[in-house]
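query26.txt follows; it contains compact mmCIF, C-alpha atoms.
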# COMPACT_ATOMS: atom_id res chain seq x y z
CA MET H 1 141.70 110.96 101.74
CA LYS H 2 138.80 110.16 104.02
CA ARG H 3 137.33 113.55 103.30
CA THR H 4 137.58 112.89 99.56
CA LYS H 5 135.74 109.57 99.92
CA TRP H 6 132.95 111.27 101.85
CA SER H 7 132.70 114.00 99.22
CA LEU H 8 132.46 111.32 96.53
CA LEU H 9 129.73 109.56 98.50
CA ILE H 10 127.74 112.79 98.81
CA ALA H 11 128.13 113.50 95.08
CA LEU H 12 126.97 109.97 94.26
CA MET H 13 124.01 110.34 96.60
CA LEU H 14 123.08 113.60 94.92
CA VAL H 15 123.22 112.10 91.41
CA ALA H 16 121.42 108.85 92.35
CA GLY H 17 118.93 110.84 94.44
CA LEU H 18 117.98 113.19 91.65
CA ALA H 19 117.77 110.28 89.18
CA TRP H 20 115.31 108.42 91.47
CA VAL H 21 113.28 111.60 91.92
CA TRP H 22 113.21 112.11 88.13
CA ILE H 23 112.13 108.49 87.47
CA TRP H 24 109.06 108.95 89.70
CA ARG H 25 108.13 112.39 88.35
CA VAL H 26 104.50 112.58 87.23
CA PRO H 27 104.47 114.14 83.73
CA ALA H 28 102.24 117.17 83.19
CA GLY H 29 98.71 116.15 82.25
CA ALA H 30 99.15 112.59 83.52
CA THR H 31 97.35 111.34 86.60
CA ALA H 32 99.48 109.71 89.25
CA LEU H 33 96.98 106.92 89.81
CA PRO H 34 94.78 104.73 87.63
CA ALA H 35 90.99 104.85 88.07
CA LEU H 36 90.00 103.30 91.40
CA PRO H 37 86.90 101.18 92.05
CA PRO H 38 84.08 102.61 94.17
CA ALA H 39 84.86 102.24 97.88
CA PRO H 40 84.19 104.15 101.12
CA ALA H 41 87.78 105.38 101.23
CA VAL H 42 89.56 108.65 100.51
CA GLY H 43 90.40 108.99 96.82
CA HIS H 44 87.84 106.41 95.66
CA PRO H 45 84.51 107.13 93.98
CA ALA H 46 81.76 106.95 96.61
CA PRO H 47 79.71 103.75 96.19
CA GLY H 48 76.33 104.46 94.63
CA PHE H 49 73.09 103.56 96.40
CA GLU H 50 69.38 104.20 96.33
CA LEU H 51 67.11 104.35 99.37
CA PRO H 52 63.64 105.68 100.22
CA THR H 53 63.71 108.84 102.32
CA ILE H 54 61.64 109.65 105.39
CA ALA H 55 59.72 112.11 103.20
CA GLY H 56 58.63 109.21 100.98
CA GLU H 57 60.90 110.11 98.05
CA ASP H 58 63.55 108.00 96.34
CA PHE H 59 67.11 109.05 97.10
CA ASP H 60 69.83 108.23 94.55
CA LEU H 61 73.37 109.35 95.38
CA ALA H 62 74.26 109.39 91.67
CA SER H 63 71.69 112.15 91.11
CA LEU H 64 73.86 114.48 93.22
CA ARG H 65 76.86 114.25 90.88
CA GLY H 66 78.11 117.80 90.33
CA THR H 67 77.19 118.82 93.90
CA PRO H 68 79.45 118.38 96.95
CA VAL H 69 77.82 115.94 99.40
CA VAL H 70 78.10 115.58 103.18
CA LEU H 71 76.93 112.00 103.73
CA ASN H 72 76.28 111.31 107.40
CA PHE H 73 75.32 107.98 109.01
CA TRP H 74 73.37 108.31 112.26
CA ALA H 75 70.75 106.82 114.56
CA THR H 76 68.39 108.33 117.12
CA TRP H 77 69.80 106.17 119.97
CA CYS H 78 73.34 107.52 119.40
CA PRO H 79 74.11 110.56 121.66
CA PRO H 80 77.05 111.92 119.59
CA CYS H 81 74.81 111.72 116.49
CA ARG H 82 72.12 113.72 118.26
CA ALA H 83 74.74 116.27 119.32
CA GLU H 84 75.97 116.91 115.79
CA LEU H 85 72.62 116.91 113.96
CA PRO H 86 71.96 120.64 114.69
CA GLU H 87 75.32 121.42 113.00
CA LEU H 88 74.30 119.39 109.96
CA GLN H 89 70.89 121.09 109.91
CA ALA H 90 72.55 124.53 110.06
CA ALA H 91 74.99 123.58 107.29
CA GLY H 92 72.14 122.21 105.18
CA SER H 93 70.34 125.57 105.46
CA ARG H 94 73.47 127.70 105.03
CA TYR H 95 74.68 125.89 101.90
CA ALA H 96 71.26 125.08 100.42
CA GLY H 97 71.62 124.51 96.68
CA GLN H 98 75.43 124.43 96.93
CA VAL H 99 76.20 121.48 99.22
CA ALA H 100 73.88 118.50 99.74
CA VAL H 101 73.60 117.35 103.37
CA VAL H 102 72.32 113.79 103.58
CA GLY H 103 71.71 111.90 106.83
CA VAL H 104 71.35 108.16 106.31
CA ASN H 105 69.50 106.71 109.29
CA GLN H 106 70.86 103.33 110.26
CA ALA H 107 68.46 100.46 110.83
CA GLU H 108 65.59 102.16 112.66
CA PRO H 109 61.84 102.03 111.98
CA ALA H 110 60.47 104.96 110.00
CA GLY H 111 58.11 105.88 112.86
CA VAL H 112 60.94 106.37 115.34
CA VAL H 113 62.91 108.49 112.86
CA GLN H 114 59.87 110.56 111.88
CA LYS H 115 59.09 111.37 115.53
CA PHE H 116 62.72 112.38 116.15
CA ILE H 117 63.08 114.67 113.12
CA SER H 118 59.73 116.34 113.85
CA GLU H 119 60.82 117.05 117.43
CA ASN H 120 64.18 118.38 116.30
CA GLY H 121 63.11 120.29 113.20
CA LEU H 122 65.41 118.51 110.76
CA ASP H 123 64.59 119.16 107.12
CA PHE H 124 67.59 117.84 105.18
CA SER H 125 67.36 114.62 103.18
CA ILE H 126 67.13 111.53 105.43
CA PRO H 127 67.26 108.20 103.59
CA LEU H 128 66.20 105.17 105.63
CA ASP H 129 68.70 102.32 105.65
CA GLU H 130 66.40 99.93 107.51
CA ALA H 131 68.31 96.75 106.57
CA ALA H 132 71.69 98.50 107.10
CA THR H 133 72.80 97.46 103.61
CA VAL H 134 74.19 100.89 102.77
CA SER H 135 75.92 101.05 106.17
CA ARG H 136 77.64 97.77 105.29
CA LEU H 137 78.45 99.07 101.79
CA TYR H 138 80.14 102.06 103.43
CA ALA H 139 81.82 99.87 106.09
CA VAL H 140 80.35 102.03 108.86
CA ARG H 141 81.63 100.53 112.12
CA ALA H 142 80.86 103.41 114.47
CA LEU H 143 78.23 106.12 114.60
CA PRO H 144 78.27 108.87 113.62
CA THR H 145 80.43 108.53 110.52
CA THR H 146 80.49 111.23 107.84
CA PHE H 147 81.82 111.07 104.29
CA PHE H 148 82.76 114.27 102.43
CA ILE H 149 82.23 113.66 98.72
CA ASP H 150 83.32 116.16 96.06
CA ARG H 151 81.52 117.22 92.87
CA GLN H 152 83.08 114.36 90.92
CA GLY H 153 81.75 111.84 93.43
CA ILE H 154 85.18 111.19 95.00
CA VAL H 155 85.45 110.66 98.77
CA ARG H 156 87.75 113.39 100.14
CA HIS H 157 87.49 112.80 103.88
CA VAL H 158 85.97 110.29 106.29
CA GLN H 159 85.15 111.51 109.79
CA VAL H 160 84.48 108.85 112.40
CA GLY H 161 82.93 110.50 115.44
CA PRO H 162 80.90 113.66 115.91
CA LEU H 163 81.42 116.90 114.02
CA THR H 164 81.38 120.31 115.63
CA GLU H 165 80.62 123.46 113.69
CA ALA H 166 84.37 124.08 113.42
CA THR H 167 85.37 120.60 112.21
CA LEU H 168 82.43 120.58 109.80
CA ALA H 169 83.73 123.88 108.36
CA GLN H 170 87.24 122.38 108.25
CA TRP H 171 86.28 119.27 106.28
CA LEU H 172 83.83 121.12 104.05
CA ARG H 173 86.90 122.86 102.65
CA THR H 174 87.96 119.52 101.12
CA ILE H 175 84.87 119.55 98.87
CA TYR H 176 83.58 123.14 98.77
CA PRO H 177 83.96 125.65 97.15
CA MET D 178 91.87 95.83 107.93
CA LEU D 179 91.06 96.71 111.50
CA THR D 180 89.88 100.31 111.69
CA THR D 181 88.37 99.92 115.15
CA LEU D 182 88.91 97.65 118.15
CA GLN D 183 85.76 96.50 119.89
CA ILE D 184 86.47 96.09 123.61
CA GLY D 185 83.19 95.40 125.36
CA PRO D 186 80.95 98.40 124.77
CA LEU D 187 83.92 100.52 123.68
CA ASN D 188 84.70 101.01 119.99
CA LEU D 189 88.27 102.32 119.84
CA GLN D 190 89.81 103.64 116.65
CA THR D 191 93.04 101.84 115.76
CA TYR D 192 95.04 104.76 114.36
CA PRO D 193 94.67 107.10 117.37
CA LEU D 194 95.56 104.12 119.58
CA ALA D 195 98.71 103.56 117.52
CA LEU D 196 99.47 107.27 117.92
CA LEU D 197 99.24 106.96 121.70
CA LEU D 198 101.29 103.74 121.79
CA GLY D 199 103.86 105.16 119.38
CA GLY D 200 104.24 108.30 121.49
CA TRP D 201 104.69 106.33 124.70
CA VAL D 202 107.23 103.92 123.14
CA ALA D 203 109.10 106.86 121.59
CA LEU D 204 109.55 108.41 125.03
CA ALA D 205 110.46 105.07 126.65
CA VAL D 206 113.12 104.33 124.01
CA GLY D 207 114.29 107.94 124.25
CA ALA D 208 114.68 107.64 128.03
CA TRP D 209 116.65 104.41 127.59
CA ALA D 210 118.86 106.05 124.94
CA ALA D 211 119.41 109.04 127.25
CA ARG D 212 120.71 106.73 129.97
CA GLN D 213 123.16 105.24 127.44
CA THR D 214 124.64 108.69 127.01
CA GLY D 215 124.73 109.50 130.71
CA LEU D 216 121.63 111.72 130.78
CA ASP D 217 118.77 111.31 133.23
CA GLY D 218 115.99 109.51 131.33
CA ASP D 219 113.34 111.51 133.18
CA HIS D 220 114.42 114.58 131.21
CA ILE D 221 113.16 112.88 128.05
CA TYR D 222 109.74 112.19 129.58
CA ASN D 223 109.56 115.75 130.91
CA ALA D 224 110.61 117.35 127.62
CA GLY D 225 108.07 115.11 125.86
CA LEU D 226 105.35 116.27 128.26
CA TYR D 227 106.23 119.94 127.67
CA GLY D 228 106.11 119.27 123.93
CA LEU D 229 102.75 117.47 124.21
CA VAL D 230 101.12 120.26 126.21
CA ALA D 231 102.51 123.01 123.95
CA GLY D 232 101.46 121.06 120.85
CA LEU D 233 97.91 120.50 122.10
CA ILE D 234 97.40 124.12 123.13
CA VAL D 235 98.86 125.70 119.99
CA GLY D 236 97.27 123.09 117.70
CA ARG D 237 93.84 123.93 119.13
CA LEU D 238 94.45 127.71 119.14
CA ALA D 239 95.50 127.54 115.50
CA HIS D 240 92.27 125.66 114.74
CA VAL D 241 90.27 128.29 116.61
CA ALA D 242 91.98 131.07 114.63
CA ALA D 243 91.40 129.26 111.33
CA PHE D 244 87.70 128.59 112.04
CA TRP D 245 86.92 131.54 114.27
CA THR D 246 83.48 132.10 112.76
CA ALA D 247 82.41 128.64 113.91
CA TYR D 248 83.98 128.97 117.37
CA ARG D 249 82.46 132.43 117.88
CA ALA D 250 79.03 130.82 117.63
CA GLN D 251 80.01 127.93 119.94
CA PRO D 252 82.80 129.19 122.25
CA LEU D 253 82.66 126.10 124.48
CA ASP D 254 84.05 124.09 121.56
CA ILE D 255 87.37 125.90 122.11
CA VAL D 256 87.96 123.64 125.12
CA GLY D 257 86.00 120.69 123.71
CA LEU D 258 87.38 117.16 123.52
CA ASP D 259 87.12 116.92 119.73
CA ALA D 260 90.28 115.07 118.67
CA ALA D 261 89.96 116.37 115.12
CA ALA D 262 89.94 120.04 116.10
CA PHE D 263 93.69 120.64 115.86
CA LEU D 264 95.94 121.95 113.11
CA ALA D 265 98.90 119.62 112.70
CA TRP D 266 101.80 121.83 111.61
CA PRO D 267 101.38 124.56 114.24
CA ALA D 268 101.08 121.75 116.83
CA VAL D 269 104.31 120.09 115.66
CA VAL D 270 106.23 123.38 115.67
CA ALA D 271 104.90 124.22 119.14
CA ALA D 272 105.74 120.72 120.42
CA LEU D 273 109.33 121.17 119.26
CA GLY D 274 109.35 124.61 120.88
CA GLY D 275 107.92 123.25 124.14
CA ALA D 276 110.48 120.45 124.34
CA GLY D 277 113.22 122.89 123.35
CA TRP D 278 112.15 125.27 126.12
CA TYR D 279 112.49 122.47 128.69
CA VAL D 280 115.99 121.62 127.39
CA TYR D 281 116.99 125.30 127.52
CA ARG D 282 115.54 125.85 130.98
CA HIS D 283 117.39 122.87 132.43
CA LYS D 284 120.60 123.70 130.56
CA LEU D 285 120.70 120.23 129.02
CA PRO D 286 123.19 119.48 126.23
CA VAL D 287 121.11 119.94 123.07
CA ALA D 288 123.09 117.51 120.90
CA ALA D 289 122.95 114.72 123.51
CA VAL D 290 119.20 115.21 124.03
CA THR D 291 118.63 115.11 120.26
CA ASP D 292 120.66 111.89 120.10
CA ALA D 293 118.43 110.39 122.81
CA PHE D 294 115.18 111.41 121.14
CA ALA D 295 116.23 110.18 117.69
CA PRO D 296 115.87 106.38 117.99
CA GLY D 297 112.66 106.72 120.01
CA LEU D 298 111.03 108.90 117.37
CA LEU D 299 111.95 106.36 114.68
CA VAL D 300 110.49 103.44 116.66
CA GLY D 301 107.39 105.54 117.36
CA LEU D 302 107.04 106.24 113.64
CA ALA D 303 107.30 102.52 112.88
CA ILE D 304 104.41 101.82 115.30
CA LEU D 305 102.38 104.61 113.70
CA ASP D 306 103.01 103.10 110.26
CA LEU D 307 101.74 99.73 111.44
CA GLY D 308 98.69 101.44 112.95
CA ALA D 309 98.06 103.07 109.57
CA LEU D 310 98.29 99.64 107.92
CA LEU D 311 95.68 98.22 110.31
CA ALA D 312 93.39 101.24 109.89
CA GLY D 313 93.75 101.34 106.09
CA GLN D 314 95.25 104.82 106.22
CA MET D 315 98.09 106.23 104.10
CA PRO D 316 97.57 103.43 101.55
CA GLY D 317 100.16 102.37 99.02
CA ALA D 318 100.06 102.89 95.27
CA PRO D 319 98.54 100.12 93.12
CA ALA D 320 100.95 97.25 92.54
CA THR D 321 101.08 93.84 90.87
CA LEU D 322 103.80 92.41 93.11
CA PRO D 323 103.39 89.05 94.88
CA TRP D 324 103.46 90.80 98.27
CA ALA D 325 100.88 93.45 97.33
CA ILE D 326 97.97 93.74 99.77
CA SER D 327 94.36 94.22 98.77
CA LEU D 328 92.67 97.32 100.13
CA TRP D 329 89.33 98.67 98.89
CA GLY D 330 89.42 96.37 95.88
CA VAL D 331 92.90 97.37 94.75
CA ALA D 332 96.17 95.43 95.12
CA ARG D 333 98.63 97.92 96.64
CA HIS D 334 102.19 98.29 97.86
CA PRO D 335 102.23 97.64 101.62
CA VAL D 336 104.00 100.99 101.89
CA GLN D 337 103.27 101.25 105.60
CA VAL D 338 105.28 98.06 106.15
CA TYR D 339 108.11 99.36 103.96
CA GLU D 340 108.19 102.57 105.99
CA ALA D 341 108.01 100.75 109.33
CA LEU D 342 110.93 98.50 108.37
CA ALA D 343 112.94 101.48 107.13
CA ALA D 344 112.27 103.37 110.38
CA LEU D 345 113.32 100.35 112.47
CA LEU D 346 116.48 99.93 110.37
CA ALA D 347 117.30 103.61 110.88
CA ALA D 348 116.58 103.25 114.62
CA GLY D 349 118.96 100.27 114.79
CA ALA D 350 121.72 102.21 113.03
CA THR D 351 121.11 105.19 115.33
CA ILE D 352 121.39 103.04 118.46
CA TRP D 353 124.53 101.40 117.10
CA VAL D 354 126.17 104.80 116.58
CA LEU D 355 124.89 105.98 119.96
CA ARG D 356 126.65 103.07 121.65
CA MET D 357 129.87 103.89 119.79
CA HIS D 358 129.93 107.08 121.90
CA ARG D 359 130.84 109.36 119.02
CA ARG D 360 130.64 113.11 119.33
CA PRO D 361 127.18 114.25 120.60
CA GLY D 362 124.81 114.87 117.72
CA THR D 363 126.23 112.12 115.51
CA ALA D 364 123.45 109.64 116.28
CA ALA D 365 120.81 112.27 115.48
CA TRP D 366 122.42 112.92 112.09
CA VAL D 367 122.40 109.16 111.41
CA ALA D 368 118.69 109.10 112.29
CA LEU D 369 118.02 112.00 109.93
CA LEU D 370 120.02 110.24 107.21
CA GLY D 371 117.99 107.05 107.64
CA TYR D 372 114.64 108.83 107.76
CA GLY D 373 115.52 111.09 104.82
CA LEU D 374 116.63 108.10 102.73
CA SER D 375 113.42 106.23 103.55
CA ARG D 376 111.22 109.14 102.46
CA TRP D 377 113.30 109.66 99.31
CA LEU D 378 113.10 105.99 98.42
CA LEU D 379 109.54 105.12 99.49
CA GLU D 380 107.41 108.24 98.96
CA PRO D 381 106.55 107.30 95.33
CA PHE D 382 104.96 104.08 96.61
CA ARG D 383 102.28 106.01 98.51
CA ALA D 384 98.89 106.36 96.84
CA GLU D 385 98.60 110.00 97.85
CA SER D 386 101.62 112.23 97.88
CA MET D 387 102.03 115.99 98.05
CA MET D 388 103.20 117.17 94.65
CA ALA D 389 105.68 119.98 93.93
CA PRO D 390 105.74 122.03 90.72
CA GLY D 391 107.10 120.01 87.80
CA GLY D 392 105.34 116.81 88.86
CA PHE D 393 107.86 115.97 91.59
CA HIS D 394 106.96 114.34 94.90
CA ALA D 395 107.56 117.15 97.43
CA ILE D 396 108.30 114.88 100.39
CA GLN D 397 110.70 112.81 98.29
CA LEU D 398 112.68 115.98 97.49
CA LEU D 399 112.68 117.00 101.16
CA GLY D 400 113.85 113.51 102.11
CA LEU D 401 116.74 113.75 99.66
CA ALA D 402 117.69 117.19 100.97
CA ALA D 403 117.61 115.90 104.57
CA ALA D 404 119.75 112.87 103.67
CA LEU D 405 122.32 115.04 101.89
CA ALA D 406 122.45 117.50 104.82
CA ALA D 407 122.94 114.59 107.23
CA LEU D 408 125.67 113.08 105.05
CA TRP D 409 127.46 116.42 104.97
CA ALA D 410 127.32 116.69 108.76
CA LEU D 411 128.54 113.10 109.17
CA ARG D 412 131.39 113.84 106.77
CA GLN D 413 132.65 116.47 109.23
CA GLU D 414 132.49 113.96 112.08
CA PHE D 415 133.83 110.79 110.51
CA ALA D 416 136.37 112.31 108.09
CA ALA D 417 137.99 114.16 110.95
CA SER D 418 138.32 111.08 113.19

With the file now loaded, output its structure as structure tokens.
Amino acid sequence: MKRTKWSLLIALMLVAGLAWVWIWRVPAGATALPALPPAPAVGHPAPGFELPTIAGEDFDLASLRGTPVVLNFWATWCPPCRAELPELQAAGSRYAGQVAVVGVNQAEPAGVVQKFISENGLDFSIPLDEAATVSRLYAVRALPTTFFIDRQGIVRHVQVGPLTEATLAQWLRTIYP
Amino acid sequence: MLTTLQIGPLNLQTYPLALLLGGWVALAVGAWAARQTGLDGDHIYNAGLYGLVAGLIVGRLAHVAAFWTAYRAQPLDIVGLDAAAFLAWPAVVAALGGAGWYVYRHKLPVAAVTDAFAPGLLVGLAILDLGALLAGQMPGAPATLPWAISLWGVARHPVQVYEALAALLAAGATIWVLRMHRRPGTAAWVALLGYGLSRWLLEPFRAESMMAPGGFHAIQLLGLAAALAALWALRQEFAAS
């Protein structure tokens, strides 16, 4: 008798279980989630911003739509940032024209940044966030922080802390190819 | 949201801290549960340590194998302190293997050890869920419920809280069965039943979920399968008694 009751319970669980699974099925062609507002979080569109670059040009994130973007926040006084910049420089050269590497400098005078990039031979795009408004927009609480943004402008990964060549290759896979 | 904790000059990330705390509490609860069943609690700490070491080594080696081109250029990174340079699934499998090796080497009763680990793992998971809530990770699906929480401009299910409560409920049931002194292994099946049910019930409330062919939530299906397997095993135990 007991065994029969248990068998009945298992059968009920199976039926109720499959029904619950079916209810939450995502139909073909439908998206599981509604459109999300821009935010510095995985799955959200990356917030748009415009800043002047160290090269004296205007940088607009929206202009990179269609290209995967590695958006890094850094400062010259930050040792882990300095350690990972050669990796970003190498990636910028290796994926030139395919992946945009962007290094937003946080709240430092242009002269300090210019001296640093000349000494270190950095030639990827470096917007200057002198008032830290974009850092606040991206809720950057620790340096370095790197956002991996896909071709559609969606944030696919947020890395807080330095990247090595290996972890950069790992997270690049979330946006490229 | 509290992604980092500022302690003096230190800026500590909340989620890794929750991972450490959850791991330590899991072992402490496991050691307590082991003593309830007559096992030496130190075996749980030791097996956990074996699992941790095996998981770290294999997780890093798997990362090295997967990104060998990068490591070949910078071989010192193989032993670097980069917390992100691990592959999760190989690490989990190796951790289970490492703990299993300790149990085998010391000829410990497998079912009793599994019973002891079960409630600890569930409490550890609950702590990890709360850490995810603080750090804004593993967010819930959009919701219009009165208890929805706002994250990144969207009202969402507090799915991390749901999962933490479910894990604690399952841990409570597991401890209750453990103290009934049923046949060894029973408490572990109850834990699997509770965890499987929670994943089956709650997975759709996550914002991001691994999908299986046909538009099904893969983890939800696995949760249902685990719950059914656990029920079947419990049927053998309880129907016979």

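With atom CA of H:Ile154 on one side and atom CA of H:Tyr176 on the other, the separation reads 12.6 Å.
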
Up to 9 Å from chain H, what residues of chain D turn up? Count all atoms listed in the file and give them as number ranges by chain.
-> D: 180-181, 188, 190, 240-241, 243-248, 250-251, 254, 259, 261-262, 313-314, 318-319, 329-331, 377-378, 381, 384-385, 388, 391-394, 397-398, 401-402, 404-405, 408-409, 411-413, 415-417

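Going from atom CA of D:Tyr192 over to atom CA of D:Gly301, you cover 12.7 Å.
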
Spatial neighbours of D:Ala288, max dist 12 Å, all atoms listed in the file, sep filter under 5 positions, as an NGL selection string = :D and (211 or 214 or 216 or 277 or 280-281 or 293-295 or 355 or 359-366)

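Between atom CA of D:Ala203 and atom CA of H:Val158 lies a distance of 27.9 Å.
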
Please provide as number ranges by chain all residues within 8 Å of D:Ala276, with the sequence filter that same-chain residues fewer than 5 positions apart are discarded (counting all atoms listed in the file).
-> D: 224-228

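Comparing the minimum interatomic distances between D:Ile326 and each of D:Ile352, D:Val300, D:Leu310, D:Val235, counting all atoms listed in the file, we find that D:Leu310 sits nearest.
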
Show me, as a PDB file with C-alpha atoms, in the coordinates of the input, the residues that have an atom within 10 Å of H:Gly97 when counting only C-alpha atoms, minus same-chain residues fewer than 5 positions from it.
ATOM      1  CA  THR H  67      77.190 118.820  93.900  1.00  0.00           C
ATOM      2  CA  PRO H  68      79.450 118.380  96.950  1.00  0.00           C
ATOM      3  CA  GLY H  92      72.140 122.210 105.180  1.00  0.00           C
TER       4      GLY H  92
END

Write out as number ranges by chain which residues come within 6 Å of H:Ala107 when counting all atoms listed in the file, dropping same-chain ones fewer than 6 positions away.
-> H: 129-132

Dump as a PyMOL selection string all residues having an atom at most 9 Å from (70.7, 112.0, 97.5), computed in the file's coordinates with only C-alpha atoms.
-> chain H and resi 49-51+58-64+69+71+100-102+125-127

Please write the residues from the selection above to a file, keeping C-alpha atoms, as a CSV table (one decimal), in the frame of the given file.
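Contents of the output file result-v7.csv:
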chain,number,residue,atom,x,y,z
H,49,PHE,CA,73.1,103.6,96.4
H,50,GLU,CA,69.4,104.2,96.3
H,51,LEU,CA,67.1,104.4,99.4
H,58,ASP,CA,63.6,108.0,96.3
H,59,PHE,CA,67.1,109.0,97.1
H,60,ASP,CA,69.8,108.2,94.6
H,61,LEU,CA,73.4,109.4,95.4
H,62,ALA,CA,74.3,109.4,91.7
H,63,SER,CA,71.7,112.2,91.1
H,64,LEU,CA,73.9,114.5,93.2
H,69,VAL,CA,77.8,115.9,99.4
H,71,LEU,CA,76.9,112.0,103.7
H,100,ALA,CA,73.9,118.5,99.7
H,101,VAL,CA,73.6,117.4,103.4
H,102,VAL,CA,72.3,113.8,103.6
H,125,SER,CA,67.4,114.6,103.2
H,126,ILE,CA,67.1,111.5,105.4
H,127,PRO,CA,67.3,108.2,103.6

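Omitting D:His283 and its sequence neighbours fewer than 4 positions away, and counting all atoms listed in the file, the residues within 12 Å are Asp217, His220, Ile221, Asn223, Ala224, Ala276, Gly277, Trp278, Tyr279, Val287 and Val290 of chain D.
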
Mind giving me the axis-aligned box for stretch 279-297 of chain D with 6 Å on every side, centre plus edges in Å to one decimal, as lines of an AutoDock Vina configuration file?
center_x = 117.8
center_y = 116.1
center_z = 125.1
size_x = 22.7
size_y = 31.5
size_z = 26.7

In the coordinates of the file, take the point (68.6, 103.1, 108.7) and a cut-off of 12 Å; then, counting all atoms listed in the file, name each qualifying protein, DNA or RNA residue as number ranges by chain.
-> H: 51-54, 72-77, 103-114, 126-136, 140, 143

Just to be explicit: take each residue in the selection above, keep C-alpha atoms, and write the result as a PDB file, in the frame of the given file.
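File produced: part_0.pdb:
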ATOM      1  CA  LEU H  51      67.110 104.350  99.370  1.00  0.00           C
ATOM      2  CA  PRO H  52      63.640 105.680 100.220  1.00  0.00           C
ATOM      3  CA  THR H  53      63.710 108.840 102.320  1.00  0.00           C
ATOM      4  CA  ILE H  54      61.640 109.650 105.390  1.00  0.00           C
ATOM      5  CA  ASN H  72      76.280 111.310 107.400  1.00  0.00           C
ATOM      6  CA  PHE H  73      75.320 107.980 109.010  1.00  0.00           C
ATOM      7  CA  TRP H  74      73.370 108.310 112.260  1.00  0.00           C
ATOM      8  CA  ALA H  75      70.750 106.820 114.560  1.00  0.00           C
ATOM      9  CA  THR H  76      68.390 108.330 117.120  1.00  0.00           C
ATOM     10  CA  TRP H  77      69.800 106.170 119.970  1.00  0.00           C
ATOM     11  CA  GLY H 103      71.710 111.900 106.830  1.00  0.00           C
ATOM     12  CA  VAL H 104      71.350 108.160 106.310  1.00  0.00           C
ATOM     13  CA  ASN H 105      69.500 106.710 109.290  1.00  0.00           C
ATOM     14  CA  GLN H 106      70.860 103.330 110.260  1.00  0.00           C
ATOM     15  CA  ALA H 107      68.460 100.460 110.830  1.00  0.00           C
ATOM     16  CA  GLU H 108      65.590 102.160 112.660  1.00  0.00           C
ATOM     17  CA  PRO H 109      61.840 102.030 111.980  1.00  0.00           C
ATOM     18  CA  ALA H 110      60.470 104.960 110.000  1.00  0.00           C
ATOM     19  CA  GLY H 111      58.110 105.880 112.860  1.00  0.00           C
ATOM     20  CA  VAL H 112      60.940 106.370 115.340  1.00  0.00           C
ATOM     21  CA  VAL H 113      62.910 108.490 112.860  1.00  0.00           C
ATOM     22  CA  GLN H 114      59.870 110.560 111.880  1.00  0.00           C
ATOM     23  CA  ILE H 126      67.130 111.530 105.430  1.00  0.00           C
ATOM     24  CA  PRO H 127      67.260 108.200 103.590  1.00  0.00           C
ATOM     25  CA  LEU H 128      66.200 105.170 105.630  1.00  0.00           C
ATOM     26  CA  ASP H 129      68.700 102.320 105.650  1.00  0.00           C
ATOM     27  CA  GLU H 130      66.400  99.930 107.510  1.00  0.00           C
ATOM     28  CA  ALA H 131      68.310  96.750 106.570  1.00  0.00           C
ATOM     29  CA  ALA H 132      71.690  98.500 107.100  1.00  0.00           C
ATOM     30  CA  THR H 133      72.800  97.460 103.610  1.00  0.00           C
ATOM     31  CA  VAL H 134      74.190 100.890 102.770  1.00  0.00           C
ATOM     32  CA  SER H 135      75.920 101.050 106.170  1.00  0.00           C
ATOM     33  CA  ARG H 136      77.640  97.770 105.290  1.00  0.00           C
ATOM     34  CA  VAL H 140      80.350 102.030 108.860  1.00  0.00           C
ATOM     35  CA  LEU H 143      78.230 106.120 114.600  1.00  0.00           C
TER      36      LEU H 143
END

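Of the listed residues (H:Arg173, H:Arg82, H:Arg94, H:Arg65), H:Arg65 comes nearest to H:Gln152; the distances count only C-alpha atoms.
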